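Peer 1: File follows, upload.cif with mmCIF, C-alpha atoms:
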```
data_structure
#
loop_
_atom_site.label_atom_id
_atom_site.label_comp_id
_atom_site.auth_asym_id
_atom_site.auth_seq_id
_atom_site.Cartn_x
_atom_site.Cartn_y
_atom_site.Cartn_z
CA MET A 1 44.45 38.97 13.61
CA THR A 2 46.80 36.89 15.78
CA LYS A 3 47.87 33.32 14.97
CA LYS A 4 45.85 32.05 17.92
CA GLY A 5 42.79 33.88 16.63
CA LEU A 6 43.15 32.34 13.17
CA LEU A 7 43.67 28.89 14.68
CA PHE A 8 40.59 29.34 16.82
CA ILE A 9 38.41 30.38 13.88
CA SER A 10 39.72 27.51 11.73
CA LEU A 11 38.96 25.01 14.46
CA VAL A 12 35.44 26.31 14.97
CA ALA A 13 34.76 26.43 11.22
CA SER A 14 35.95 22.87 10.70
CA MET A 15 33.85 21.65 13.63
CA LEU A 16 30.77 23.30 12.19
CA LEU A 17 31.34 22.35 8.55
CA LEU A 18 32.50 18.76 9.02
CA PRO A 19 29.02 17.26 9.47
CA VAL A 20 27.70 19.22 6.47
CA ALA A 21 30.55 17.97 4.29
CA MET A 22 30.04 14.37 5.45
CA ASN A 23 26.32 14.55 4.69
CA ALA A 24 27.04 15.98 1.24
CA GLN A 25 29.34 13.02 0.63
CA CYS A 26 26.52 10.74 1.75
CA LYS A 27 24.21 12.22 -0.88
CA GLN A 28 26.83 11.82 -3.60
CA PHE A 29 27.38 8.23 -2.49
CA ALA A 30 23.63 7.49 -2.60
CA LYS A 31 23.31 9.12 -5.98
CA ASN A 32 26.38 7.70 -7.69
CA THR A 33 26.57 4.24 -6.18
CA CYS A 34 23.10 3.23 -5.06
CA LYS A 35 20.73 5.06 -7.39
CA SER A 36 22.54 4.04 -10.54
CA GLY A 37 22.36 0.39 -9.43
CA LEU A 38 18.57 0.49 -9.36
CA LYS A 39 18.38 0.41 -13.17
CA PRO A 40 16.26 -0.80 -15.01
CA TYR A 41 13.93 0.10 -12.17
CA GLN A 42 13.00 3.78 -11.88
CA HIS A 43 14.13 5.46 -8.67
CA ASP A 44 11.16 7.15 -6.99
CA GLY A 45 13.12 10.28 -6.01
CA ASN A 46 12.99 9.66 -2.25
CA TYR A 47 16.24 9.98 -0.30
CA HIS A 48 16.92 7.85 2.77
CA ALA A 49 20.54 7.90 3.87
CA ALA A 50 22.45 8.45 7.06
CA LEU A 51 25.89 8.06 8.54
CA LEU A 52 25.88 4.85 10.58
CA ILE A 53 28.61 3.26 12.64
CA GLU A 54 29.45 -0.43 12.84
CA GLY A 55 26.86 -2.24 14.92
CA GLU A 56 24.23 0.45 14.36
CA GLU A 57 20.77 -0.44 13.08
CA ALA A 58 18.03 1.33 11.14
CA GLU A 59 14.45 0.60 10.17
CA LEU A 60 12.39 1.96 7.32
CA TYR A 61 8.63 1.71 6.89
CA LYS A 62 7.05 1.95 3.46
CA THR A 63 3.92 0.90 1.59
CA PHE A 64 4.48 -1.13 -1.57
CA TYR A 65 1.72 -1.48 -4.13
CA SER A 66 0.26 -4.52 -5.85
CA ASP A 67 1.08 -5.33 -9.47
CA ARG A 68 4.26 -3.26 -9.48
CA ASN A 69 7.79 -4.56 -9.66
CA TYR A 70 10.16 -3.20 -7.03
CA ARG A 71 13.86 -3.16 -6.31
CA ILE A 72 15.06 -2.34 -2.79
CA GLY A 73 18.69 -1.24 -2.70
CA VAL A 74 20.61 -1.04 0.58
CA CYS A 75 24.10 0.33 -0.01
CA GLY A 76 26.94 0.87 2.42
CA ALA A 77 30.12 2.91 2.02
CA HIS A 78 33.25 1.00 1.01
CA ASN A 79 34.80 1.22 4.49
CA LEU A 80 31.90 -0.84 5.91
CA LYS A 81 31.28 -4.56 5.58
CA PRO A 82 28.32 -5.52 3.32
CA ILE A 83 25.14 -4.26 4.96
CA GLU A 84 22.71 -6.79 6.43
CA PHE A 85 19.03 -6.25 5.72
CA LYS A 86 15.75 -8.01 6.25
CA VAL A 87 12.28 -7.24 4.88
CA VAL A 88 9.49 -7.87 7.34
CA ASP A 89 5.68 -7.84 7.27
CA THR A 90 4.80 -5.03 9.70
CA ARG A 91 1.60 -6.77 10.83
CA ASN A 92 3.21 -9.87 12.31
CA GLY A 93 6.98 -9.48 12.04
CA LYS A 94 7.30 -12.33 9.55
CA VAL A 95 10.62 -12.15 7.73
CA LEU A 96 9.98 -12.16 3.98
CA TYR A 97 13.58 -11.65 2.88
CA ASP A 98 16.95 -11.89 4.58
CA ASN A 99 20.00 -10.95 2.55
CA SER A 100 22.30 -12.92 4.87
CA LEU A 101 20.83 -15.99 3.13
CA LYS A 102 21.73 -14.48 -0.24
CA ASP A 103 25.41 -13.75 0.31
CA TYR A 104 24.56 -10.22 1.53
CA ASP A 105 23.26 -9.12 -1.87
CA TRP A 106 22.72 -5.34 -1.73
CA LYS A 107 19.44 -5.47 -3.69
CA TRP A 108 16.18 -7.39 -3.69
CA ASP A 109 13.68 -7.57 -6.57
CA PHE A 110 10.08 -8.40 -5.80
CA THR A 111 6.46 -7.93 -6.76
CA LEU A 112 3.28 -8.06 -4.69
CA GLU A 113 -0.12 -9.62 -5.23
CA SER A 114 -1.65 -7.15 -2.80
CA SER A 115 -0.42 -3.83 -1.43
CA GLN A 116 1.47 -4.12 1.86
CA GLN A 117 3.24 -1.98 4.39
CA LEU A 118 6.69 -3.50 4.90
CA LYS A 119 9.56 -2.78 7.23
CA ILE A 120 13.17 -2.87 6.05
CA MET A 121 15.58 -3.63 8.90
CA VAL A 122 19.17 -2.70 8.30
CA LYS A 123 22.32 -3.39 10.31
CA VAL A 124 25.92 -2.37 9.77
CA PRO A 125 27.88 -5.53 10.67
CA ILE A 126 30.74 -5.46 13.15
CA PRO A 127 34.03 -6.87 11.82
CA GLU A 128 35.65 -9.82 13.54
CA GLY A 129 37.85 -9.02 16.53
CA ASN A 130 37.84 -6.15 18.93
CA ILE A 131 37.79 -2.65 17.56
CA ASP A 132 38.37 0.40 19.65
CA GLU A 133 36.99 2.88 17.17
CA PRO A 134 34.14 1.56 15.03
CA GLU A 135 34.09 2.74 11.43
CA GLU A 136 31.41 5.18 10.31
CA GLY A 137 30.03 5.35 6.80
CA CYS A 138 27.07 6.29 4.69
CA VAL A 139 24.22 3.81 4.35
CA ALA A 140 21.48 4.51 1.79
CA ILE A 141 18.14 2.78 1.31
CA LEU A 142 16.60 3.53 -2.07
CA PHE A 143 13.66 2.16 -4.04
CA GLY A 144 13.02 1.64 -7.70
CA SER A 145 9.88 0.40 -9.41
CA ARG A 146 8.55 -0.36 -12.85
CA ASP A 147 5.36 -1.48 -14.52
CA ASP A 148 4.77 -5.08 -15.54
CA MET B 149 42.65 39.98 34.51
CA ASN B 150 44.90 38.51 31.82
CA ARG B 151 44.54 35.04 33.36
CA ASN B 152 40.76 35.47 33.40
CA LEU B 153 40.81 36.30 29.71
CA ILE B 154 42.82 33.18 28.88
CA LEU B 155 40.42 31.05 30.94
CA SER B 156 37.40 32.59 29.19
CA GLY B 157 39.01 31.91 25.83
CA ARG B 158 39.58 28.25 26.74
CA LEU B 159 36.03 27.90 27.97
CA PHE B 160 34.80 29.44 24.73
CA LEU B 161 36.88 27.00 22.73
CA LEU B 162 35.56 24.06 24.73
CA LEU B 163 32.02 25.29 24.19
CA PHE B 164 32.52 25.43 20.40
CA VAL B 165 34.11 21.99 20.32
CA PHE B 166 31.16 20.69 22.30
CA LEU B 167 28.72 22.41 19.92
CA GLY B 168 30.55 20.91 16.97
CA PHE B 169 30.05 17.41 18.36
CA ILE B 170 26.41 18.14 19.14
CA MET B 171 25.87 19.32 15.56
CA SER B 172 27.59 16.24 14.18
CA GLY B 173 25.10 14.15 16.11
CA CYS B 174 22.12 16.23 15.01
CA ASN B 175 22.94 15.87 11.34
CA ARG B 176 23.57 12.17 11.28
CA GLY B 177 20.09 11.13 10.29
CA PRO B 178 16.57 10.61 11.45
CA LYS B 179 15.43 10.00 14.99
CA SER B 180 16.36 6.90 16.93
CA GLU B 181 14.27 4.63 19.06
CA GLY B 182 13.57 1.04 20.03
CA SER B 183 15.86 -1.90 20.47
CA GLY B 184 17.62 -4.14 18.01
CA ASP B 185 16.36 -7.39 16.51
CA PHE B 186 19.76 -8.36 15.17
CA GLU B 187 22.18 -10.31 17.30
CA ALA B 188 25.49 -8.72 18.16
CA SER B 189 28.41 -10.50 16.51
CA GLY B 190 31.18 -9.40 18.84
CA GLY B 191 33.94 -6.81 18.57
CA LEU B 192 32.72 -3.81 20.53
CA ASP B 193 32.72 -3.79 24.29
CA ALA B 194 29.46 -4.78 25.93
CA GLU B 195 28.55 -1.25 27.00
CA THR B 196 29.02 0.24 23.53
CA GLN B 197 27.16 -2.65 21.96
CA ALA B 198 24.29 -2.22 24.39
CA GLN B 199 24.08 1.48 23.50
CA LEU B 200 24.02 0.70 19.80
CA ASN B 201 21.34 -1.94 20.24
CA THR B 202 19.04 0.54 21.90
CA ALA B 203 19.71 3.34 19.41
CA LYS B 204 18.00 2.55 16.15
CA ARG B 205 17.38 4.98 13.32
CA ILE B 206 13.79 5.07 12.13
CA PHE B 207 12.87 6.19 8.61
CA TYR B 208 9.33 6.64 7.33
CA SER B 209 8.96 6.63 3.58
CA LEU B 210 6.00 8.34 1.96
CA PRO B 211 5.07 7.94 -1.69
CA SER B 212 7.06 10.52 -3.65
CA PRO B 213 5.28 12.79 -6.17
CA LEU B 214 6.76 10.66 -8.95
CA GLU B 215 5.58 7.40 -7.40
CA THR B 216 2.11 8.89 -6.83
CA ALA B 217 1.83 9.89 -10.49
CA MET B 218 3.12 6.48 -11.60
CA LEU B 219 0.45 4.75 -9.51
CA ILE B 220 -2.26 6.90 -11.10
CA LYS B 221 -1.02 6.20 -14.63
CA ASN B 222 -0.50 2.51 -13.90
CA ALA B 223 -4.11 2.25 -12.72
CA GLY B 224 -5.29 3.21 -16.20
CA ALA B 225 -6.27 6.79 -15.36
CA GLN B 226 -6.62 9.48 -18.00
CA TYR B 227 -4.81 12.80 -18.26
CA ASP B 228 -6.88 15.79 -17.20
CA GLU B 229 -5.02 19.10 -17.18
CA GLY B 230 -7.98 20.74 -15.47
CA LEU B 231 -7.17 18.85 -12.27
CA MET B 232 -3.69 20.31 -11.92
CA ASN B 233 -2.78 23.44 -9.99
CA LEU B 234 -2.41 26.40 -12.36
CA THR B 235 1.21 27.36 -12.96
CA GLY B 236 0.10 31.00 -12.84
CA ASN B 237 -0.62 30.57 -9.13
CA THR B 238 3.06 30.53 -8.11
CA SER B 239 3.08 34.19 -7.06
CA ARG B 240 0.40 33.44 -4.45
CA TYR B 241 2.73 31.34 -2.36
CA ILE B 242 4.54 33.59 0.06
CA THR B 243 4.90 31.55 3.24
CA SER B 244 7.30 28.68 3.77
CA LYS B 245 4.36 26.34 4.34
CA SER B 246 2.59 27.23 1.09
CA LYS B 247 5.86 27.00 -0.86
CA ALA B 248 6.62 23.57 0.59
CA LEU B 249 3.11 22.25 -0.03
CA ASN B 250 3.07 23.59 -3.57
CA LEU B 251 6.54 22.27 -4.33
CA GLY B 252 5.01 18.86 -3.65
CA ILE B 253 1.83 19.70 -5.57
CA TYR B 254 3.67 21.02 -8.64
CA SER B 255 6.07 18.05 -8.50
CA THR B 256 3.13 15.64 -8.68
CA ASP B 257 1.59 17.67 -11.53
CA LEU B 258 4.96 17.68 -13.30
CA SER B 259 5.27 13.91 -12.93
CA TYR B 260 1.65 13.39 -14.05
CA ALA B 261 2.14 15.57 -17.14
CA SER B 262 5.43 13.94 -18.11
CA LEU B 263 4.10 10.39 -17.74
CA PHE B 264 1.38 11.31 -20.24
CA ASP B 265 3.95 12.88 -22.62
CA GLN B 266 2.54 16.39 -22.19
CA THR B 267 5.67 18.24 -23.25
CA GLN B 268 4.57 21.85 -22.86
CA ALA B 269 2.89 21.14 -19.51
CA THR B 270 6.07 19.35 -18.37
CA LEU B 271 8.14 22.45 -19.12
CA ASN B 272 5.60 24.73 -17.44
CA TYR B 273 5.41 22.62 -14.31
CA ILE B 274 9.16 22.26 -13.86
CA GLU B 275 9.37 26.05 -13.97
CA ALA B 276 6.63 26.26 -11.33
CA ALA B 277 8.38 23.67 -9.15
CA LYS B 278 11.66 25.55 -9.57
CA LYS B 279 10.05 28.75 -8.29
CA MET B 280 8.86 26.93 -5.17
CA ALA B 281 12.25 25.28 -4.59
CA ASP B 282 14.06 28.59 -5.10
CA GLY B 283 11.61 30.23 -2.70
CA LEU B 284 12.57 27.67 -0.08
CA ASN B 285 16.27 28.36 -0.79
CA ILE B 286 16.85 24.77 -1.87
CA LEU B 287 20.13 25.20 -3.69
CA ASN B 288 20.43 23.62 -7.13
CA ALA B 289 17.51 21.22 -6.75
CA ILE B 290 16.26 22.51 -10.09
CA ASN B 291 18.72 24.77 -11.86
CA GLU B 292 18.95 26.18 -15.37
CA GLU B 293 21.01 23.19 -16.44
CA THR B 294 18.18 20.87 -15.32
CA ILE B 295 15.67 22.81 -17.40
CA GLN B 296 17.99 22.82 -20.39
CA ARG B 297 18.43 19.05 -20.14
CA LEU B 298 14.68 18.67 -19.89
CA GLU B 299 14.17 20.77 -23.02
CA GLU B 300 16.81 18.81 -24.95
CA HIS B 301 15.17 15.48 -24.09
CA ILE B 302 11.57 16.61 -23.99
CA ASN B 303 10.45 13.79 -26.28
CA ASN B 304 12.28 11.07 -24.33
CA ARG B 305 10.04 10.09 -21.44
CA ASP B 306 12.63 7.90 -19.72
CA VAL B 307 15.16 10.71 -19.54
CA ILE B 308 12.48 13.16 -18.37
CA ILE B 309 11.43 10.81 -15.56
CA ASP B 310 15.09 10.39 -14.58
CA ILE B 311 15.52 14.15 -14.39
CA ILE B 312 12.38 14.49 -12.25
CA SER B 313 13.59 11.72 -9.94
CA GLU B 314 16.93 13.51 -9.59
CA THR B 315 15.31 16.88 -8.77
CA LEU B 316 13.14 15.22 -6.11
CA MET B 317 16.18 13.57 -4.57
CA ASN B 318 18.11 16.85 -4.66
CA SER B 319 15.32 18.69 -2.82
CA SER B 320 14.78 15.94 -0.30
CA SER B 321 18.49 15.46 0.48
CA PHE B 322 19.12 19.20 0.73
CA LEU B 323 16.27 19.66 3.21
CA GLN B 324 17.28 16.64 5.31
CA GLU B 325 20.96 17.53 5.36
CA ASN B 326 20.15 21.03 6.52
CA GLY B 327 17.95 19.95 9.40
CA LEU B 328 14.74 20.83 7.55
CA GLU B 329 13.14 17.39 7.78
CA ALA B 330 9.76 18.94 8.64
CA VAL B 331 9.78 20.95 5.39
CA ALA B 332 10.72 17.80 3.45
CA THR B 333 7.73 16.02 5.00
CA VAL B 334 5.35 18.88 4.20
CA VAL B 335 6.55 18.78 0.57
CA LEU B 336 5.74 15.06 0.39
CA VAL B 337 2.32 15.52 1.98
CA GLY B 338 1.52 18.27 -0.54
CA GLY B 339 2.44 15.93 -3.39
CA TRP B 340 0.44 13.09 -1.86
CA VAL B 341 -2.68 15.23 -1.41
CA GLU B 342 -2.41 16.37 -5.06
CA GLY B 343 -2.23 12.75 -6.20
CA LEU B 344 -5.26 11.90 -4.08
CA TYR B 345 -7.11 14.91 -5.50
CA ILE B 346 -6.38 13.92 -9.09
CA ALA B 347 -7.25 10.25 -8.47
CA THR B 348 -10.49 10.85 -6.58
CA ASN B 349 -11.67 13.23 -9.29
CA LEU B 350 -11.04 10.70 -12.03
CA VAL B 351 -13.40 8.17 -10.42
CA ASP B 352 -17.18 8.00 -10.69
CA GLU B 353 -18.53 7.14 -7.23
CA ASN B 354 -21.02 4.76 -8.88
CA SER B 355 -18.23 2.68 -10.45
CA LEU B 356 -16.18 1.72 -7.44
CA LYS B 357 -16.21 -2.05 -7.94
CA ASP B 358 -13.27 -3.67 -9.72
CA ASN B 359 -11.78 -0.27 -10.37
CA LYS B 360 -7.97 -0.23 -10.23
CA LEU B 361 -7.81 3.48 -9.46
CA VAL B 362 -10.18 3.00 -6.52
CA GLU B 363 -7.88 0.25 -5.23
CA ARG B 364 -4.95 2.67 -5.42
CA ILE B 365 -6.92 5.31 -3.53
CA VAL B 366 -7.91 2.81 -0.84
CA ASP B 367 -4.29 1.59 -0.62
CA GLN B 368 -3.34 5.04 0.67
CA LYS B 369 -4.84 3.96 3.98
CA LEU B 370 -1.72 1.82 4.43
CA SER B 371 0.50 4.92 4.38
CA LEU B 372 -1.49 7.05 6.82
CA ASP B 373 0.18 5.86 10.00
CA ILE B 374 3.58 6.39 8.35
CA MET B 375 2.54 9.94 7.48
CA VAL B 376 1.25 10.64 10.99
CA ASN B 377 4.45 9.25 12.57
CA LEU B 378 6.63 11.31 10.26
CA LEU B 379 4.76 14.54 10.98
CA GLU B 380 4.74 13.84 14.71
CA GLU B 381 8.55 13.78 14.61
CA SER B 382 8.42 17.58 14.24
CA PRO B 383 6.20 18.78 17.12
CA GLU B 384 8.07 22.10 17.19
CA ASP B 385 7.19 22.87 13.58
CA ALA B 386 3.86 24.73 13.29
CA ASP B 387 3.51 23.95 9.57
CA ALA B 388 3.98 20.23 10.09
CA MET B 389 1.47 20.29 12.95
CA ALA B 390 -1.11 22.13 10.80
CA VAL B 391 -0.65 19.58 8.03
CA LEU B 392 -0.93 16.79 10.61
CA GLU B 393 -4.45 17.98 11.46
CA ASP B 394 -5.39 17.71 7.77
CA VAL B 395 -3.94 14.21 7.57
CA LYS B 396 -5.82 13.18 10.71
CA SER B 397 -9.10 14.45 9.22
CA LEU B 398 -8.43 12.30 6.15
CA LYS B 399 -7.51 9.36 8.38
CA SER B 400 -10.89 9.53 10.11
CA ILE B 401 -12.52 8.96 6.69
CA PHE B 402 -10.05 6.25 5.64
CA ASP B 403 -10.91 4.49 8.90
CA LYS B 404 -14.39 3.86 7.42
CA ILE B 405 -12.80 1.89 4.58
CA THR B 406 -12.07 -1.80 5.13
CA ILE B 407 -8.99 -3.60 3.85
CA LYS B 408 -8.79 -7.31 4.63
CA GLN B 409 -5.37 -8.85 4.18
CA GLY B 410 -4.29 -12.47 4.41
CA ASN B 411 -0.88 -13.81 5.34
CA VAL B 412 2.00 -13.03 3.03
CA THR B 413 4.17 -15.79 1.61
CA ALA B 414 7.36 -15.05 -0.29
CA VAL B 415 7.97 -17.24 -3.34
CA GLU B 416 11.13 -16.73 -5.37
CA ASP B 417 11.38 -17.53 -9.05
CA PRO B 418 14.85 -19.10 -9.36
CA ALA B 419 15.01 -18.25 -13.07
CA THR B 420 14.59 -14.50 -12.58
CA ASN B 421 15.54 -14.13 -8.88
CA VAL B 422 12.35 -12.10 -8.49
CA THR B 423 10.27 -12.85 -5.41
CA THR B 424 6.48 -12.67 -5.44
CA LEU B 425 4.80 -11.76 -2.17
CA LYS B 426 1.68 -13.86 -2.43
CA SER B 427 -1.36 -12.85 -0.41
CA GLU B 428 -5.05 -12.28 -0.72
CA SER B 429 -6.80 -9.06 0.08
CA SER B 430 -10.16 -7.38 -0.34
CA ILE B 431 -11.40 -3.83 0.06
CA HIS B 432 -14.74 -2.32 0.90
CA ILE B 433 -15.69 1.29 0.34
CA THR B 434 -19.21 2.67 -0.04
CA PRO B 435 -20.15 5.44 -2.51
CA ASN B 436 -20.98 7.73 0.41
CA VAL B 437 -17.58 7.25 2.04
CA PHE B 438 -15.92 7.79 -1.32
CA LYS B 439 -17.83 11.05 -1.80
CA GLU B 440 -16.92 12.14 1.72
CA LEU B 441 -13.25 11.38 1.03
CA ARG B 442 -13.26 13.22 -2.29
CA SER B 443 -14.94 16.22 -0.71
CA LYS B 444 -12.42 16.39 2.18
CA VAL B 445 -9.47 15.99 -0.18
CA ARG B 446 -10.84 18.82 -2.34
CA GLU B 447 -11.31 21.04 0.72
CA ILE B 448 -7.75 20.45 1.93
CA ARG B 449 -6.20 20.77 -1.52
CA THR B 450 -8.13 24.03 -2.14
CA SER B 451 -6.73 25.43 1.11
CA TYR B 452 -3.21 24.47 -0.03
CA ILE B 453 -3.36 26.07 -3.48
CA SER B 454 -5.28 29.21 -2.48
#
```
Take the structure I supplied and represent it as C-alpha cells, if you would.

Peer 2:
Amino acid sequence: MTKKGLLFISLVASMLLLPVAMNAQCKQFAKNTCKSGLKPYQHDGNYHAALLIEGEEAELYKTFYSDRNYRIGVCGAHNLKPIEFKVVDTRNGKVLYDNSLKDYDWKWDFTLESSQQLKIMVKVPIPEGNIDEPEEGCVAILFGSRDD
Amino acid sequence: MNRNLILSGRLFLLLFVFLGFIMSGCNRGPKSEGSGDFEASGGLDAETQAQLNTAKRIFYSLPSPLETAMLIKNAGAQYDEGLMNLTGNTSRYITSKSKALNLGIYSTDLSYASLFDQTQATLNYIEAAKKMADGLNILNAINEETIQRLEEHINNRDVIIDIISETLMNSSSFLQENGLEAVATVVLVGGWVEGLYIATNLVDENSLKDNKLVERIVDQKLSLDIMVNLLEESPEDADAMAVLEDVKSLKSIFDKITIKQGNVTAVEDPATNVTTLKSESSIHITPNVFKELRSKVREIRTSYIS
C-alpha cells in the first residue's frame, strides 16, 4: 500500500474512533470521579453523561421517592469550570436548590416528605473573557440513595 | 483520467472527514431541545451563544432495576422467589427485544434477591443477566471477573449491591455510547415492569389503605411521562415502539389513580447540610383499579418472559 493510502486510512480511522474513545473516557470519568463521590449513598446504576461544551446546558427529569435519602452528584471534567446546577419542581418551575448559592458544590443531599418528579438543570459555565474555541468536557449526573 | 482519479480521492476524503464530524455529533449525548433558563455570562460571540442557548440536552431518568428493588424492600415487602422469572428461561430469548427486556427483568430479580440476602439466587440471577447481556453483545458488562468477585463477597450485601450497580452502569453506558439508546430504554422498562409485577403481587387488594408498598406502586404514575418521552425518542426502533404501546396501556390505568400534591418547600438542616423537601400529598386508588393494574402488569410481563 502507498504512503498516501496509509495516511488516508489512518485519517479515516481516527475520525471514526475519536468519538468512541472520548465517550469511553466519559464513562471512566463518571465511574472514577463522580460515582465514588456518592458514598455513603448507593449509586442506582443509571448512567447519565455527555460531552458538553462551555455555555451548553442540559436537563434531567427524574422521580424521587418519599422517605428516602438522596444525593445528586453533578460532575464536570477538570478542564471545565465548576458546573452550575439547579433542582426545580417540574409542576411549577420553583427552584428548590441552586448550587451557585452554595459555592458551586458538586453534590446535594436531600430527602422528601412526598414523592416528586424533579428537574435537574445543568450548565457548563463560560470562563471570563472572550474565547475562540470553547472547551469541551464530560459532564455526569449521577444519583445515590439510602434508607433512613 | 488521472486528474479525475485525484479529484475523486479528494472528494472521498472530504466525505469521510464530514462523516467523522457527523458521528462525533451523534455520539455526544441525548437529544437536544428547548431554550436555556440560565443567563449567558459573556465570552462567546452572540451567535454562538444563541445557538448554545437553544440547544439543550434532555435526559430522562427511569428507576433502575436496583432502585426498583430497593423501593420494594424499603416498603417492607417480603421475598417471594415464586414471583421472579425462572433462570431456566434464558434459552427462550432469541430476539434483541426479548433479550433487552429480560436483561432488565433478571437485573431486577438479581437486585431483589441480593437485597434479601438470597445468596444462591443472587448467583443464579447474575448468570442469567450475563447471558442476556452477552446475547446483546454488551462487552464486559458482566464478565467472569464480576462473577468471581460476587462469589468471593457473597455474604457481604454492600459489596454485592456495589457490583450490581457497576454492572448496570456498564450495560447502560455501553449501549448509550454505541448509539443503542433505544435498547438501553427497553432494558429499563423490562426491569420496571418486573418490579411492578413483584410489588402488585405482594399486595392484597383489600388492604390498600396506609400500605407503603401501595404508595410505591402509585408513585410509579410520576415516572410514566418520563418513560413515554424516553421511548418516543426512538420512533425508528420497532422494539421501543412496541414497548411504548404496553406503557401507554398501563398509563391509561394509572390515569384512574389520583395523586394530590401540595407545594414543595425546601428546608435545609444547617447541622447536616441535608435538605428536606416538605410537602403534603394524598393518593386514591380503588380495589377495582388496583386489580385492573395488577392484571395488566401480569399480562405484559407474561408476554415479556414467554

Peer 1: Please tell me which residues are no farther than 8 Å from (7.7, -11.3, -11.4) in the file, counting all atoms listed in the file, and write them as a PyMOL selection string.

Peer 2: (chain A and resi 69+110-111) or (chain B and resi 417+420+422-424)

Peer 1: So what does the PyMOL selection byres ((chain A) within 8 of (chain B)) actually pick up in this one, as a ChimeraX atom specification?

Peer 2: /A:8,12,15-16,18-20,23-24,27,42-52,55-63,65,89,96-97,108-117,123,125-132,134,147

Peer 1: Neighbours of region 33-35 of chain A within 9 Å (only C-alpha atoms; same-chain residues fewer than 2 positions away dropped), as a ChimeraX atom specification?

Peer 2: /A:28-31,37-39,43,73-76,140-144

Peer 1: Go ahead and compute the interatomic distance for CA of Tyr70 (chain A) and CA of Ser145 (chain A), in Å to one decimal.

Peer 2: 4.3 Å

Peer 1: One decimal, in Å: what's the spacing between CA of Asp394 (chain B) and CA of His432 (chain B)?

Peer 2: 23.1 Å

Peer 1: What does the distance from CA of Gln226 (chain B) to CA of Ile365 (chain B) come to in Å, to one decimal?

Peer 2: 15.1 Å

Peer 1: Using all atoms listed in the file, what residues lie at most 9 Å away from (-16.1, 2.9, -3.2) (file coordinates), given as a list in words?

Peer 2: Glu353, Asn354, Ser355, Leu356, Lys357, Asn359, Val362, Glu363, Val366, Ile405, Ile431, His432, Ile433, Thr434, Pro435, Asn436, Val437, Phe438 and Lys439 of chain B

Peer 1: When the PyMOL selection byres ((chain B and resi 398) around 10) is applied to the file above, which residues end up in the set, as a list in words?

Peer 2: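 That selection, the PyMOL selection byres ((chain B and resi 398) around 10), comes back as Val341, Lys369, Leu372, Leu392, Glu393, Asp394, Val395, Lys396, Ser397, Lys399, Ser400, Ile401, Phe402, Asp403, Glu440, Leu441, Arg442, Lys444, Val445 and Ile448 of chain B.
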
Peer 1: Can you spell out as a VMD selection string the set of residues that the PyMOL selection byres ((chain B and resi 233) around 10) selects in the structure I just provided?

Peer 2: chain B and resid 229 to 232 234 to 238 250 253 to 254 256 to 257 273 276 342 449 to 450 453 to 454

Peer 1: I'd like the contact shell of Asp228 (chain B) - 12 Å cut-off, only C-alpha atoms, skipping same-chain residues fewer than 4 positions apart - returned as JSON, numbers by chain.

Peer 2: {"B": [220, 221, 232, 233, 257, 260, 261, 264, 266, 269, 345, 346, 347, 349, 350]}

Peer 1: For Glu380 (chain B), please output as a list of chain:residue names all residues within 9 Å (counting all atoms listed in the file; exclusion window: fewer than 5 positions along the same chain).

Peer 2: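 These residues fall inside the cut-off: B:Met375, B:Ala388, B:Met389, B:Leu392.
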
Peer 1: Measuring between all atoms listed in the file, which one of A:Trp106, A:Leu80, A:Lys119, A:Ser66 shows the shortest distance to Asn92 (chain A)?

Peer 2: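 Among the listed residues, A:Lys119 lies closest to Asn92 (chain A).
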
Peer 1: Just need region 123-133 of chain A in a file, please: N, CA and C atoms, as a PDB file, in the first residue's frame.

Peer 2:
```
ATOM      1  N   LYS A 123     -25.648  23.626  33.725  1.00  0.00           N
ATOM      2  CA  LYS A 123     -24.993  24.480  32.725  1.00  0.00           C
ATOM      3  C   LYS A 123     -23.477  24.469  32.925  1.00  0.00           C
ATOM      4  N   VAL A 124     -22.784  24.346  31.808  1.00  0.00           N
ATOM      5  CA  VAL A 124     -21.318  24.460  31.855  1.00  0.00           C
ATOM      6  C   VAL A 124     -20.998  25.951  31.746  1.00  0.00           C
ATOM      7  N   PRO A 125     -20.411  26.549  32.802  1.00  0.00           N
ATOM      8  CA  PRO A 125     -20.164  27.992  32.767  1.00  0.00           C
ATOM      9  C   PRO A 125     -19.143  28.375  31.700  1.00  0.00           C
ATOM     10  N   ILE A 126     -19.247  29.618  31.280  1.00  0.00           N
ATOM     11  CA  ILE A 126     -18.281  30.166  30.310  1.00  0.00           C
ATOM     12  C   ILE A 126     -17.245  30.967  31.088  1.00  0.00           C
ATOM     13  N   PRO A 127     -15.966  30.719  30.867  1.00  0.00           N
ATOM     14  CA  PRO A 127     -14.937  31.492  31.593  1.00  0.00           C
ATOM     15  C   PRO A 127     -14.989  32.969  31.223  1.00  0.00           C
ATOM     16  N   GLU A 128     -14.411  33.784  32.085  1.00  0.00           N
ATOM     17  CA  GLU A 128     -14.351  35.220  31.808  1.00  0.00           C
ATOM     18  C   GLU A 128     -13.549  35.485  30.532  1.00  0.00           C
ATOM     19  N   GLY A 129     -13.916  36.523  29.818  1.00  0.00           N
ATOM     20  CA  GLY A 129     -13.156  36.908  28.631  1.00  0.00           C
ATOM     21  C   GLY A 129     -13.603  36.145  27.405  1.00  0.00           C
ATOM     22  N   ASN A 130     -13.178  36.654  26.268  1.00  0.00           N
ATOM     23  CA  ASN A 130     -13.574  36.019  25.021  1.00  0.00           C
ATOM     24  C   ASN A 130     -12.770  34.752  24.786  1.00  0.00           C
ATOM     25  N   ILE A 131     -13.450  33.761  24.281  1.00  0.00           N
ATOM     26  CA  ILE A 131     -12.748  32.528  23.918  1.00  0.00           C
ATOM     27  C   ILE A 131     -13.175  32.138  22.515  1.00  0.00           C
ATOM     28  N   ASP A 132     -12.185  31.869  21.709  1.00  0.00           N
ATOM     29  CA  ASP A 132     -12.492  31.499  20.333  1.00  0.00           C
ATOM     30  C   ASP A 132     -12.982  30.059  20.242  1.00  0.00           C
ATOM     31  N   GLU A 133     -12.303  29.191  20.994  1.00  0.00           N
ATOM     32  CA  GLU A 133     -12.675  27.778  20.941  1.00  0.00           C
ATOM     33  C   GLU A 133     -13.086  27.317  22.324  1.00  0.00           C
TER      34      GLU A 133
END
```
